[in-house]
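Containing mmCIF, C-alpha atoms: target.cif.
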```cif
data_structure
#
loop_
_atom_site.label_atom_id
_atom_site.label_comp_id
_atom_site.auth_asym_id
_atom_site.auth_seq_id
_atom_site.Cartn_x
_atom_site.Cartn_y
_atom_site.Cartn_z
CA MET A 1 -23.12 0.95 13.91
CA ALA A 2 -22.20 -1.58 11.23
CA GLN A 3 -23.67 -0.95 7.81
CA PRO A 4 -26.28 -3.51 6.63
CA THR A 5 -23.92 -4.91 3.98
CA MET A 6 -20.77 -4.75 6.11
CA SER A 7 -19.01 -7.94 7.17
CA VAL A 8 -17.26 -6.50 10.24
CA THR A 9 -17.99 -4.33 13.23
CA PRO A 10 -17.42 -1.68 14.46
CA TYR A 11 -17.37 -0.01 11.06
CA TRP A 12 -17.58 3.67 10.21
CA GLU A 13 -17.49 5.61 6.96
CA LEU A 14 -15.83 8.94 6.25
CA THR A 15 -17.19 10.78 3.22
CA PHE A 16 -15.16 13.54 1.56
CA ASP A 17 -16.06 15.91 -1.25
CA ALA A 18 -13.74 16.84 -4.12
CA ASP A 19 -12.17 19.64 -2.06
CA GLY A 20 -11.32 17.31 0.83
CA ASP A 21 -14.11 18.51 3.14
CA VAL A 22 -15.34 15.68 5.36
CA ASP A 23 -18.90 14.91 6.43
CA GLY A 24 -18.81 16.43 9.92
CA GLN A 25 -21.38 14.09 11.44
CA GLU A 26 -19.51 11.00 10.26
CA ARG A 27 -16.22 12.38 11.56
CA ASP A 28 -17.65 13.29 14.95
CA ARG A 29 -19.33 9.88 15.28
CA LEU A 30 -16.00 8.18 14.68
CA LEU A 31 -14.16 10.41 17.17
CA THR A 32 -16.83 9.82 19.81
CA GLU A 33 -17.30 6.09 19.39
CA VAL A 34 -13.84 4.72 18.67
CA THR A 35 -12.71 4.85 22.30
CA ARG A 36 -16.09 3.78 23.68
CA ARG A 37 -16.00 0.69 21.48
CA GLY A 38 -12.61 -0.29 22.89
CA VAL A 39 -10.77 -0.08 19.57
CA ARG A 40 -6.99 -0.44 19.73
CA ASP A 41 -6.21 -0.79 16.00
CA LEU A 42 -8.17 1.18 13.39
CA ILE A 43 -7.84 0.08 9.74
CA VAL A 44 -8.71 2.94 7.37
CA PHE A 45 -9.22 1.84 3.73
CA ALA A 46 -9.48 4.24 0.77
CA HIS A 47 -10.86 2.90 -2.51
CA GLY A 48 -9.49 3.82 -5.91
CA TRP A 49 -11.64 3.63 -9.04
CA ASN A 50 -15.25 3.53 -7.90
CA ASN A 51 -18.61 4.94 -8.89
CA ASP A 52 -20.79 4.98 -5.78
CA ARG A 53 -20.98 4.40 -2.05
CA SER A 54 -22.52 0.95 -2.40
CA GLY A 55 -19.61 -0.19 -4.57
CA ALA A 56 -17.09 1.13 -2.06
CA THR A 57 -18.90 -0.49 0.86
CA ARG A 58 -19.06 -3.79 -0.99
CA LEU A 59 -15.30 -3.68 -1.63
CA TYR A 60 -14.61 -2.97 2.04
CA GLY A 61 -16.95 -5.71 3.17
CA HIS A 62 -15.24 -8.28 0.93
CA PHE A 63 -11.72 -7.22 1.89
CA PHE A 64 -12.35 -6.95 5.63
CA ALA A 65 -14.33 -10.21 5.92
CA PRO A 66 -11.41 -12.54 6.83
CA VAL A 67 -9.77 -10.13 9.27
CA PRO A 68 -11.67 -11.12 12.46
CA HIS A 69 -10.72 -14.76 11.87
CA LEU A 70 -7.09 -13.88 11.14
CA ALA A 71 -6.71 -11.79 14.32
CA PRO A 72 -9.42 -13.05 16.71
CA GLN A 73 -7.91 -11.44 19.82
CA ALA A 74 -7.30 -8.01 18.31
CA ARG A 75 -9.58 -5.07 19.11
CA ILE A 76 -10.00 -3.78 15.57
CA GLY A 77 -12.19 -1.02 14.19
CA TYR A 78 -12.74 -0.38 10.49
CA VAL A 79 -13.18 2.79 8.46
CA GLY A 80 -14.19 3.00 4.81
CA VAL A 81 -13.21 6.23 3.05
CA VAL A 82 -15.72 7.38 0.40
CA TRP A 83 -14.50 10.03 -2.01
CA PRO A 84 -15.67 11.20 -5.47
CA SER A 85 -13.74 9.12 -7.98
CA MET A 86 -15.02 7.12 -10.93
CA ARG A 87 -14.51 3.81 -12.71
CA PHE A 88 -15.37 3.12 -16.33
CA CYS A 89 -17.93 0.34 -16.31
CA ASP A 90 -16.01 -1.80 -18.82
CA GLU A 91 -13.51 -2.51 -16.02
CA PRO A 92 -14.97 -5.54 -14.23
CA ILE A 93 -13.82 -6.36 -10.70
CA PRO A 94 -12.93 -10.02 -10.13
CA ASP A 95 -15.40 -11.89 -7.87
CA PHE A 96 -17.95 -9.05 -7.92
CA PRO A 97 -21.41 -9.85 -9.28
CA LYS A 98 -22.05 -8.43 -12.72
CA SER A 99 -24.79 -6.20 -11.39
CA VAL A 100 -22.09 -4.22 -9.66
CA VAL A 101 -19.91 -3.79 -12.73
CA ALA A 102 -22.64 -2.66 -15.09
CA THR A 103 -23.30 -5.55 -17.44
CA GLU A 104 -24.54 -3.14 -20.08
CA ALA A 105 -20.89 -2.17 -20.68
CA GLU A 106 -20.30 -5.63 -22.10
CA THR A 107 -22.89 -5.13 -24.83
CA ALA A 108 -22.23 -1.47 -25.65
CA PRO A 109 -21.33 -1.18 -29.36
CA GLY A 110 -17.60 -0.79 -29.99
CA ASP A 111 -16.08 1.89 -27.77
CA ALA A 112 -19.40 3.65 -27.16
CA LEU A 113 -20.16 4.80 -23.63
CA ASP A 114 -22.69 2.66 -21.78
CA LYS A 115 -25.32 4.53 -19.77
CA ASP A 116 -23.71 3.77 -16.39
CA THR A 117 -20.35 5.22 -17.45
CA ARG A 118 -22.12 8.28 -18.82
CA HIS A 119 -23.91 8.66 -15.50
CA ALA A 120 -20.59 8.32 -13.64
CA LEU A 121 -19.04 11.04 -15.80
CA LEU A 122 -21.96 13.35 -15.05
CA GLU A 123 -21.63 12.68 -11.32
CA THR A 124 -17.87 13.19 -11.38
CA PHE A 125 -17.94 16.35 -13.51
CA PRO A 126 -21.18 18.17 -12.61
CA GLY A 127 -22.38 20.83 -15.01
CA ARG A 128 -20.87 19.09 -18.04
CA ALA A 129 -23.93 17.22 -19.34
CA THR A 130 -23.76 18.77 -22.82
CA VAL A 131 -20.07 17.92 -23.13
CA VAL A 132 -20.64 14.32 -22.00
CA ASP A 133 -23.43 13.94 -24.56
CA GLN A 134 -21.20 15.27 -27.34
CA ILE A 135 -18.33 12.95 -26.33
CA ALA A 136 -20.64 9.94 -26.25
CA ARG A 137 -22.09 10.80 -29.66
CA MET A 138 -18.63 11.16 -31.22
CA LEU A 139 -17.43 7.85 -29.79
CA GLU A 140 -20.44 6.15 -31.32
CA GLN A 141 -20.37 7.88 -34.70
CA ARG A 142 -16.57 8.23 -35.16
CA PRO A 143 -16.84 11.18 -37.55
CA ALA A 144 -14.07 11.58 -40.13
CA ASN A 145 -11.59 14.29 -39.17
CA GLY A 146 -13.30 14.61 -35.79
CA VAL A 147 -10.57 13.41 -33.43
CA GLU A 148 -9.18 16.87 -32.68
CA GLU A 149 -12.66 18.10 -31.73
CA PHE A 150 -13.04 15.03 -29.54
CA GLY A 151 -9.79 15.92 -27.78
CA ARG A 152 -11.00 19.47 -27.22
CA LEU A 153 -14.18 18.17 -25.63
CA VAL A 154 -12.22 15.82 -23.35
CA ARG A 155 -10.09 18.73 -22.16
CA LEU A 156 -13.19 20.80 -21.58
CA LEU A 157 -14.78 17.99 -19.59
CA VAL A 158 -11.99 17.47 -17.09
CA GLU A 159 -10.90 21.12 -16.84
CA VAL A 160 -7.13 21.03 -17.06
CA VAL A 161 -6.75 22.96 -13.80
CA PRO A 162 -9.61 21.74 -11.56
CA GLY A 163 -11.37 24.12 -9.23
CA GLY A 164 -11.06 24.09 -5.45
CA PRO A 165 -7.96 23.80 -3.26
CA GLN A 166 -5.13 21.60 -4.47
CA PRO A 167 -2.64 19.61 -2.41
CA LEU A 168 0.74 21.21 -1.84
CA PHE A 169 2.13 18.75 -4.37
CA ALA A 170 -0.68 18.44 -6.88
CA ALA A 171 1.09 16.16 -9.34
CA ASP A 172 3.91 13.63 -9.44
CA THR A 173 6.35 16.24 -10.68
CA LEU A 174 9.97 15.56 -11.46
CA ALA A 175 11.29 18.40 -9.33
CA GLY A 176 10.14 17.93 -5.76
CA GLY A 177 6.88 19.82 -5.98
CA VAL A 178 7.83 22.45 -8.55
CA PRO A 179 4.80 22.77 -10.86
CA GLN A 180 5.37 21.52 -14.38
CA SER A 181 3.68 22.50 -17.60
CA GLU A 182 0.34 20.91 -18.37
CA PRO A 183 0.67 17.33 -19.66
CA VAL A 184 0.85 16.59 -23.36
CA LEU A 185 -2.24 14.52 -22.60
CA PHE A 186 -4.10 17.85 -22.62
CA THR A 187 -1.98 20.01 -24.91
CA GLY A 188 -0.73 17.61 -27.60
CA ASP A 189 -2.11 16.57 -30.93
CA SER A 190 -5.20 14.47 -30.18
CA GLU A 191 -4.89 12.24 -33.23
CA THR A 192 -1.31 11.28 -32.33
CA LEU A 193 -2.28 10.63 -28.71
CA CYS A 194 -5.24 8.48 -29.72
CA CYS A 195 -3.06 6.50 -32.12
CA ASP A 196 -0.59 5.85 -29.30
CA PHE A 197 -3.37 4.56 -27.07
CA ALA A 198 -4.80 2.48 -29.90
CA GLN A 199 -1.42 0.85 -30.44
CA ALA A 200 -1.06 0.14 -26.70
CA LEU A 201 -4.52 -1.42 -26.53
CA ALA A 202 -3.81 -3.56 -29.59
CA SER A 203 -0.66 -4.79 -27.88
CA LEU A 204 -2.58 -5.73 -24.73
CA ARG A 205 -5.31 -7.50 -26.67
CA SER A 206 -2.83 -9.40 -28.82
CA GLY A 207 -1.74 -11.07 -25.61
CA ALA A 208 -5.36 -12.12 -25.12
CA GLY A 209 -5.55 -13.92 -28.45
CA ALA A 210 -5.83 -11.32 -31.23
CA GLU A 211 -3.67 -11.85 -34.30
CA GLY A 212 -2.04 -9.64 -36.88
CA PHE A 213 -1.15 -5.95 -36.91
CA THR A 214 -2.66 -2.97 -38.68
CA LEU A 215 -1.94 0.74 -38.52
CA PRO A 216 -3.89 2.15 -35.58
CA ASN A 217 -7.14 3.98 -36.17
CA PRO A 218 -7.13 6.99 -33.81
CA TRP A 219 -10.76 6.32 -32.88
CA ASP A 220 -9.66 2.96 -31.45
CA GLY A 221 -7.73 4.91 -28.81
CA ALA A 222 -10.21 7.75 -28.28
CA LYS A 223 -12.05 6.12 -25.38
CA GLU A 224 -8.71 5.45 -23.70
CA LEU A 225 -7.79 9.13 -24.07
CA LEU A 226 -11.04 9.95 -22.27
CA ARG A 227 -10.33 7.33 -19.60
CA GLN A 228 -6.79 8.53 -18.91
CA ALA A 229 -7.79 12.20 -18.90
CA THR A 230 -10.49 11.37 -16.37
CA TYR A 231 -8.00 9.44 -14.24
CA TYR A 232 -5.59 12.36 -14.35
CA ALA A 233 -8.30 14.49 -12.76
CA MET A 234 -8.97 11.75 -10.19
CA LYS A 235 -5.26 11.53 -9.44
CA ARG A 236 -5.14 15.20 -8.52
CA ARG A 237 -8.34 14.87 -6.52
CA ALA A 238 -6.94 11.95 -4.53
CA GLY A 239 -4.02 14.11 -3.41
CA THR A 240 -6.37 16.88 -2.34
CA VAL A 241 -8.66 14.56 -0.36
CA GLY A 242 -5.71 12.90 1.34
CA GLU A 243 -3.76 15.98 2.32
CA ARG A 244 -6.60 18.36 3.12
CA GLY A 245 -9.17 15.81 4.24
CA LEU A 246 -8.03 12.49 5.65
CA GLY A 247 -4.74 13.74 7.16
CA PRO A 248 -6.40 16.34 9.40
CA VAL A 249 -9.09 13.83 10.43
CA VAL A 250 -6.41 11.38 11.56
CA GLY A 251 -4.82 14.26 13.46
CA ARG A 252 -8.08 14.96 15.30
CA LEU A 253 -8.43 11.27 16.02
CA ALA A 254 -4.94 11.25 17.57
CA ALA A 255 -6.03 14.05 19.91
CA ALA A 256 -9.38 12.47 20.79
CA ALA A 257 -8.15 8.88 21.14
CA PRO A 258 -4.35 8.92 21.58
CA GLY A 259 -4.19 5.19 22.32
CA VAL A 260 -5.65 4.13 19.00
CA ARG A 261 -3.18 2.82 16.41
CA VAL A 262 -4.12 3.83 12.84
CA HIS A 263 -3.34 1.70 9.78
CA LEU A 264 -3.90 3.28 6.36
CA VAL A 265 -4.72 1.10 3.36
CA GLY A 266 -5.28 2.35 -0.19
CA HIS A 267 -6.07 0.74 -3.53
CA SER A 268 -5.07 2.41 -6.81
CA PHE A 269 -5.63 6.17 -6.43
CA GLY A 270 -6.67 5.40 -2.86
CA GLY A 271 -3.00 4.53 -2.31
CA ARG A 272 -2.12 8.02 -3.45
CA LEU A 273 -4.84 9.41 -1.17
CA VAL A 274 -3.53 7.72 2.00
CA SER A 275 0.07 8.61 1.09
CA PHE A 276 -0.80 12.29 0.72
CA ALA A 277 -2.67 12.06 4.03
CA LEU A 278 0.73 11.73 5.70
CA GLY A 279 1.51 15.28 4.60
CA GLY A 280 -1.76 16.47 6.14
CA LEU A 281 -0.97 15.15 9.62
CA PRO A 282 -0.46 17.83 12.28
CA GLU A 283 3.16 18.19 13.32
CA GLY A 284 4.29 15.58 15.82
CA VAL A 285 1.39 13.16 15.27
CA ARG A 286 2.73 9.58 15.21
CA THR A 287 -0.53 7.69 15.37
CA VAL A 288 -0.14 6.10 11.90
CA LYS A 289 1.50 2.73 12.55
CA SER A 290 1.48 1.33 9.01
CA VAL A 291 0.55 2.17 5.43
CA THR A 292 -0.28 -0.59 2.93
CA LEU A 293 -0.55 0.26 -0.76
CA LEU A 294 -2.47 -2.15 -3.01
CA GLN A 295 -1.73 -1.59 -6.72
CA GLY A 296 -0.88 2.05 -6.05
CA ALA A 297 -1.56 4.25 -9.09
CA PHE A 298 1.18 6.83 -8.66
CA SER A 299 4.87 7.19 -9.41
CA HIS A 300 7.19 4.50 -8.09
CA TYR A 301 9.65 7.33 -7.34
CA ALA A 302 7.15 9.22 -5.16
CA PHE A 303 9.08 8.62 -1.92
CA ALA A 304 12.59 9.02 -3.37
CA ALA A 305 14.85 11.80 -2.11
CA ARG A 306 16.78 11.73 -5.40
CA LEU A 307 15.67 10.59 -8.83
CA PRO A 308 18.01 8.26 -10.74
CA PHE A 309 17.82 10.42 -13.86
CA ASP A 310 18.04 13.80 -12.05
CA ALA A 311 20.22 14.10 -8.94
CA HIS A 312 18.77 17.52 -8.18
CA ALA A 313 15.14 16.38 -7.99
CA GLY A 314 13.14 14.21 -5.63
CA GLY A 315 9.79 12.44 -5.56
CA VAL A 316 6.55 14.20 -4.79
CA LEU A 317 6.34 12.53 -1.35
CA GLN A 318 10.03 12.33 -0.61
CA GLY A 319 10.67 11.37 3.02
CA ARG A 320 6.98 11.16 3.93
CA GLN A 321 7.42 7.48 4.82
CA ASN A 322 9.32 8.74 7.86
CA LEU A 323 6.07 10.15 9.26
CA ILE A 324 4.82 6.58 9.73
CA ASP A 325 5.57 4.97 13.09
CA GLY A 326 5.98 1.69 11.25
CA PRO A 327 6.52 0.43 7.68
CA LEU A 328 5.21 1.55 4.31
CA VAL A 329 4.31 -1.67 2.48
CA CYS A 330 3.78 -1.63 -1.27
CA CYS A 331 2.05 -4.62 -2.90
CA TYR A 332 2.49 -4.82 -6.66
CA SER A 333 1.89 -7.17 -9.58
CA HIS A 334 3.14 -7.35 -13.15
CA PHE A 335 -0.31 -8.68 -14.14
CA ASP A 336 -1.68 -5.15 -13.61
CA SER A 337 -1.76 -3.93 -17.21
CA ALA A 338 -3.49 -0.67 -16.23
CA LEU A 339 -0.30 0.27 -14.39
CA GLY A 340 2.18 -1.70 -16.47
CA THR A 341 1.18 -0.35 -19.89
CA LEU A 342 -1.42 2.42 -19.82
CA TYR A 343 -0.13 4.32 -16.78
CA PRO A 344 3.44 4.78 -18.08
CA LEU A 345 2.09 5.74 -21.49
CA ALA A 346 -0.18 8.41 -20.00
CA SER A 347 2.61 9.53 -17.67
CA ARG A 348 5.09 9.72 -20.53
CA MET A 349 2.63 12.13 -22.16
CA ALA A 350 3.31 14.50 -19.29
CA GLY A 351 6.26 15.83 -21.21
CA ASP A 352 8.31 13.24 -23.07
CA ALA A 353 8.18 13.18 -26.85
CA GLU A 354 9.92 9.84 -27.27
CA GLY A 355 8.26 6.90 -28.99
CA LEU A 356 5.62 4.65 -27.56
CA VAL A 357 7.61 1.42 -27.66
CA GLU A 358 10.54 2.83 -25.69
CA GLY A 359 8.19 4.44 -23.20
CA LEU A 360 6.50 1.13 -22.44
CA ASP A 361 9.59 -1.02 -22.09
CA PRO A 362 10.12 -1.50 -18.32
CA GLY A 363 13.83 -1.97 -18.89
CA SER A 364 14.30 1.30 -20.77
CA VAL A 365 15.09 4.69 -19.27
CA LEU A 366 11.60 5.99 -20.04
CA GLY A 367 9.89 2.80 -18.87
CA ALA A 368 11.63 3.12 -15.52
CA LYS A 369 11.05 6.86 -15.45
CA TRP A 370 7.28 6.65 -15.78
CA GLY A 371 6.60 3.46 -13.82
CA ALA A 372 3.81 3.04 -11.27
CA MET A 373 4.08 1.94 -7.64
CA GLY A 374 1.62 -0.93 -8.19
CA HIS A 375 3.56 -2.40 -11.10
CA ASP A 376 7.07 -2.75 -9.66
CA GLY A 377 7.04 -1.30 -6.15
CA VAL A 378 8.84 1.56 -4.40
CA GLN A 379 11.97 2.61 -6.30
CA ALA A 380 15.11 4.61 -5.46
CA VAL A 381 14.57 4.59 -1.69
CA PRO A 382 17.71 3.18 -0.01
CA GLY A 383 17.09 0.35 2.42
CA THR A 384 13.81 -0.79 0.82
CA ARG A 385 13.28 -4.48 1.53
CA ALA A 386 11.76 -6.84 -1.05
CA TYR A 387 9.74 -10.04 -0.60
CA THR A 388 7.54 -12.38 -2.51
CA LEU A 389 4.08 -12.64 -1.02
CA SER A 390 4.75 -16.12 0.36
CA ASP A 391 8.00 -15.01 1.97
CA ALA A 392 6.38 -11.89 3.44
CA LEU A 393 3.66 -13.96 5.11
CA ALA A 394 6.22 -16.41 6.50
CA THR A 395 8.40 -13.80 8.21
CA THR A 396 8.20 -10.72 10.41
CA LEU A 397 8.08 -7.59 8.29
CA PRO A 398 10.48 -4.72 9.05
CA ALA A 399 9.31 -2.32 11.74
CA SER A 400 10.02 0.76 9.60
CA GLY A 401 11.03 1.90 6.14
CA CYS A 402 9.72 0.86 2.74
CA VAL A 403 8.82 -2.74 1.96
CA ASN A 404 8.03 -4.12 -1.50
CA ILE A 405 5.88 -7.25 -1.80
CA ASP A 406 5.41 -8.96 -5.16
CA ALA A 407 1.75 -10.00 -4.89
CA ALA A 408 1.52 -11.58 -8.36
CA GLU A 409 0.82 -14.95 -6.71
CA VAL A 410 -2.75 -13.76 -6.08
CA VAL A 411 -3.11 -10.44 -7.97
CA ARG A 412 -3.25 -11.98 -11.43
CA ARG A 413 -6.83 -12.03 -12.79
CA GLY A 414 -8.45 -9.53 -15.11
CA ASP A 415 -9.03 -8.77 -18.77
CA PRO A 416 -7.70 -5.92 -20.93
CA PRO A 417 -7.40 -3.03 -20.69
CA CYS A 418 -6.79 -3.05 -16.93
CA GLY A 419 -5.70 -6.62 -16.23
CA ALA A 420 -5.42 -7.50 -12.54
CA HIS A 421 -5.59 -3.91 -11.30
CA SER A 422 -8.70 -4.54 -9.19
CA ASP A 423 -7.92 -8.14 -8.20
CA ILE A 424 -7.17 -7.24 -4.59
CA VAL A 425 -9.79 -9.10 -2.54
CA HIS A 426 -7.66 -11.92 -1.14
CA PRO A 427 -7.15 -13.09 2.45
CA GLU A 428 -3.41 -13.07 1.79
CA LEU A 429 -3.52 -9.29 1.27
CA ALA A 430 -5.61 -8.87 4.43
CA ARG A 431 -2.85 -10.79 6.22
CA VAL A 432 -0.30 -8.33 4.80
CA VAL A 433 -2.23 -5.43 6.33
CA LEU A 434 -2.23 -7.15 9.72
CA ALA A 435 1.45 -8.03 9.45
CA ALA A 436 2.42 -4.49 8.42
CA GLY A 437 0.63 -3.07 11.47
CA ARG A 438 1.66 -5.83 13.87
CA ILE A 439 -2.00 -6.37 14.63
CA ARG A 440 -2.42 -9.48 16.73
#
```

Represent the supplied structure as structure tokens.
Amino acid sequence: MAQPTMSVTPYWELTFDADGDVDGQERDRLLTEVTRRGVRDLIVFAHGWNNDRSGATRLYGHFFAPVPHLAPQARIGYVGVVWPSMRFCDEPIPDFPKSVVATEAETAPGDALDKDTRHALLETFPGRATVVDQIARMLEQRPANGVEEFGRLVRLLVEVVPGGPQPLFAADTLAGGVPQSEPVLFTGDSETLCCDFAQALASLRSGAGAEGFTLPNPWDGAKELLRQATYYAMKRRAGTVGERGLGPVVGRLAAAAPGVRVHLVGHSFGGRLVSFALGGLPEGVRTVKSVTLLQGAFSHYAFAARLPFDAHAGGVLQGRQNLIDGPLVCCYSHFDSALGTLYPLASRMAGDAEGLVEGLDPGSVLGAKWGAMGHDGVQAVPGTRAYTLSDALATTLPASGCVNIDAAEVVRRGDPPCGAHSDIVHPELARVVLAAGRIR
């Protein structure tokens, strides 16, 4: 049955916990009904940063709304993946009513945590109420010489090595799945890290009209340290949910309804989730006919067999695009400052000790090294085709391999610190999903 707030039908939801375990009743309902409803193409969408089921459902409803009009003859079913991630409430989503993006965040003093973000942290990291309270108090009070203690609390909150099963490739390592040391984000000097984030944020805001330059106050970057540490935990969780959760469900669907063509779509960490789902498919399953990544928040080298700066290493998902019976389409935008500035900075903290400015320059070795899929597309995969959005919609997309689409024509709205990262609800992007899957 369609959900009350859903714009399309038939629509199902699949809910996963942090370990990748799926709600069995939801899964069985999908497996039972998808054939009975006459579905030929099933679009499965995984959200990225999100705080609750209603927010996820609203995103899916907005994104799916134009699809029936764009492909009126197609027999399409829709699935919304719901998994435990979180969004800081000072990250508004374009076109969403302010009630959804927690208007209190706009009036919270300085970098203090608004009550909705505090609630999201408690939901995301159960059993850490005391730690969350201490973090919130320190952000508000900014005690002198307290940044190192703040960093310790952040590490305690997110638990550097999270509990529960991990995906086979738990992080975007530089050596094809060989575990690396814990990121500097968790082991380095907190004051230095916070100063780096403060400098990055000042750079972003200067583009929005601020003037002048002052030496960074580490407390100006403390909330960003918390944000990026939280997203690191969500990044690992997305891999787990994809590989151990969604992949096996798609495998069961292939057995129950072999004629159904599956199309995976993911935004932000949801792009990572659906990409890792490819590794969780049972051997020989070819039911996934397309994968579309919208502002994917993971390494742009993830699918590379060889890294440009290390001929002996490959990406964390090297060759997994070959498990798709169709193309892997990556939509990206340089207006996404979450991925263009903050992601490479946080990623650089996974082991590089070079300076901030070099690490953020897209043309530098480090800038290229730590880039994100949603900022400049798939990199170092031979044969990858590249299009502007207009050109992609005016042609027939390749039937296989990696495809980069510069979506900056529409993915362009959003304020610092995240820019256009969540500006994905556009009929043009819905058309990309249909074109990638040859859904007519």

Query raised in the report: Written as a list in words, what is the full residue list that the PyMOL selection byres ((chain A and resi 227-238) around 7) yields on the file shown?
Result: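 Taken on the displayed file, the PyMOL selection byres ((chain A and resi 227-238) around 7) yields the residues Ala18, Ser85, Val158, Ala170, Ala171, Lys223, Glu224, Leu225, Leu226, Gly239, Thr240, Val241, Gly242, Phe269, Gly270, Arg272, Leu273 and Ala346 of chain A.
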
Query raised in the report: Neighbours of stretch 388-402 of chain A within 10 Å (all atoms listed in the file; same-chain residues fewer than 3 positions away dropped), as JSON, numbers by chain?
Result: {"A": [289, 290, 291, 303, 319, 321, 322, 324, 325, 326, 327, 328, 329, 330, 331, 332, 377, 378, 379, 381, 382, 383, 384, 385, 405, 406, 407, 408, 409, 410, 428, 429, 431, 432, 435, 436, 437, 438]}

Write a file of the just-selected residues containing C-alpha atoms, as a compact mmCIF listing (two decimals), in the frame of the given file.
```
# COMPACT_ATOMS: atom_id res chain seq x y z
CA LYS A 289 1.50 2.73 12.55
CA SER A 290 1.48 1.33 9.01
CA VAL A 291 0.55 2.17 5.43
CA PHE A 303 9.08 8.62 -1.92
CA GLY A 319 10.67 11.37 3.02
CA GLN A 321 7.42 7.48 4.82
CA ASN A 322 9.32 8.74 7.86
CA ILE A 324 4.82 6.58 9.73
CA ASP A 325 5.57 4.97 13.09
CA GLY A 326 5.98 1.69 11.25
CA PRO A 327 6.52 0.43 7.68
CA LEU A 328 5.21 1.55 4.31
CA VAL A 329 4.31 -1.67 2.48
CA CYS A 330 3.78 -1.63 -1.27
CA CYS A 331 2.05 -4.62 -2.90
CA TYR A 332 2.49 -4.82 -6.66
CA GLY A 377 7.04 -1.30 -6.15
CA VAL A 378 8.84 1.56 -4.40
CA GLN A 379 11.97 2.61 -6.30
CA VAL A 381 14.57 4.59 -1.69
CA PRO A 382 17.71 3.18 -0.01
CA GLY A 383 17.09 0.35 2.42
CA THR A 384 13.81 -0.79 0.82
CA ARG A 385 13.28 -4.48 1.53
CA ILE A 405 5.88 -7.25 -1.80
CA ASP A 406 5.41 -8.96 -5.16
CA ALA A 407 1.75 -10.00 -4.89
CA ALA A 408 1.52 -11.58 -8.36
CA GLU A 409 0.82 -14.95 -6.71
CA VAL A 410 -2.75 -13.76 -6.08
CA GLU A 428 -3.41 -13.07 1.79
CA LEU A 429 -3.52 -9.29 1.27
CA ARG A 431 -2.85 -10.79 6.22
CA VAL A 432 -0.30 -8.33 4.80
CA ALA A 435 1.45 -8.03 9.45
CA ALA A 436 2.42 -4.49 8.42
CA GLY A 437 0.63 -3.07 11.47
CA ARG A 438 1.66 -5.83 13.87
```

Report task. Around the point (-10.8, -5.6, 4.6) in the file's coordinates, collect all residues with an atom within 12 Å, using only C-alpha atoms, and return them as a PyMOL selection string. Result -> chain A and resi 6-9+11+42-47+56-70+76-80+263-267+292+294+424-434

Query - Top pick for closest residue to A:Asn145, considering A:Glu26, A:Glu123, A:Glu191, A:Asp196 and counting only C-alpha atoms - result: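 The answer is A:Glu191, which sits nearest to A:Asn145.
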
Residues within 12 Å of A:Gly38, only C-alpha atoms, excluding chain neighbours under 5 positions, as a PDB file with C-alpha atoms, in the coordinates of the input:
```pdb
ATOM      1  CA  THR A   9     -17.990  -4.330  13.230  1.00  0.00           C
ATOM      2  CA  PRO A  10     -17.420  -1.680  14.460  1.00  0.00           C
ATOM      3  CA  THR A  32     -16.830   9.820  19.810  1.00  0.00           C
ATOM      4  CA  GLU A  33     -17.300   6.090  19.390  1.00  0.00           C
ATOM      5  CA  ALA A  74      -7.300  -8.010  18.310  1.00  0.00           C
ATOM      6  CA  ARG A  75      -9.580  -5.070  19.110  1.00  0.00           C
ATOM      7  CA  ILE A  76     -10.000  -3.780  15.570  1.00  0.00           C
ATOM      8  CA  GLY A  77     -12.190  -1.020  14.190  1.00  0.00           C
ATOM      9  CA  ALA A 257      -8.150   8.880  21.140  1.00  0.00           C
ATOM     10  CA  GLY A 259      -4.190   5.190  22.320  1.00  0.00           C
ATOM     11  CA  VAL A 260      -5.650   4.130  19.000  1.00  0.00           C
ATOM     12  CA  ARG A 261      -3.180   2.820  16.410  1.00  0.00           C
TER      13      ARG A 261
END
```

Query raised in the report: Given the choices A:Leu215, A:Leu253, A:Val132, A:Met373, which gets closest to A:Ala202 if the distance is worked out from all atoms listed in the file?
Result: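 Answer, going by the shortest atom-to-atom distance: A:Leu215.
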
Report task. Using the chain letters and numbering of this document, enumerate as a PyMOL selection string the residues selected by the PyMOL selection byres ((chain A and resi 135) around 9). Result -> chain A and resi 113+130-134+136-140+150+153-154+226

Those selected residues, please, written with C-alpha atoms and delivered as a compact mmCIF listing (two decimals), in the coordinates of the input.
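Final output, saved to selection01.txt:
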```txt
# COMPACT_ATOMS: atom_id res chain seq x y z
CA LEU A 113 -20.16 4.80 -23.63
CA THR A 130 -23.76 18.77 -22.82
CA VAL A 131 -20.07 17.92 -23.13
CA VAL A 132 -20.64 14.32 -22.00
CA ASP A 133 -23.43 13.94 -24.56
CA GLN A 134 -21.20 15.27 -27.34
CA ALA A 136 -20.64 9.94 -26.25
CA ARG A 137 -22.09 10.80 -29.66
CA MET A 138 -18.63 11.16 -31.22
CA LEU A 139 -17.43 7.85 -29.79
CA GLU A 140 -20.44 6.15 -31.32
CA PHE A 150 -13.04 15.03 -29.54
CA LEU A 153 -14.18 18.17 -25.63
CA VAL A 154 -12.22 15.82 -23.35
CA LEU A 226 -11.04 9.95 -22.27
```

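From atom CA of A:Leu204 back to atom CA of A:Gly414, the distance works out to 11.9 Å.
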
Query - Between atom CA of A:Asp116 and atom CA of A:Leu157, distance in Å (one decimal) - result: 17.1 Å
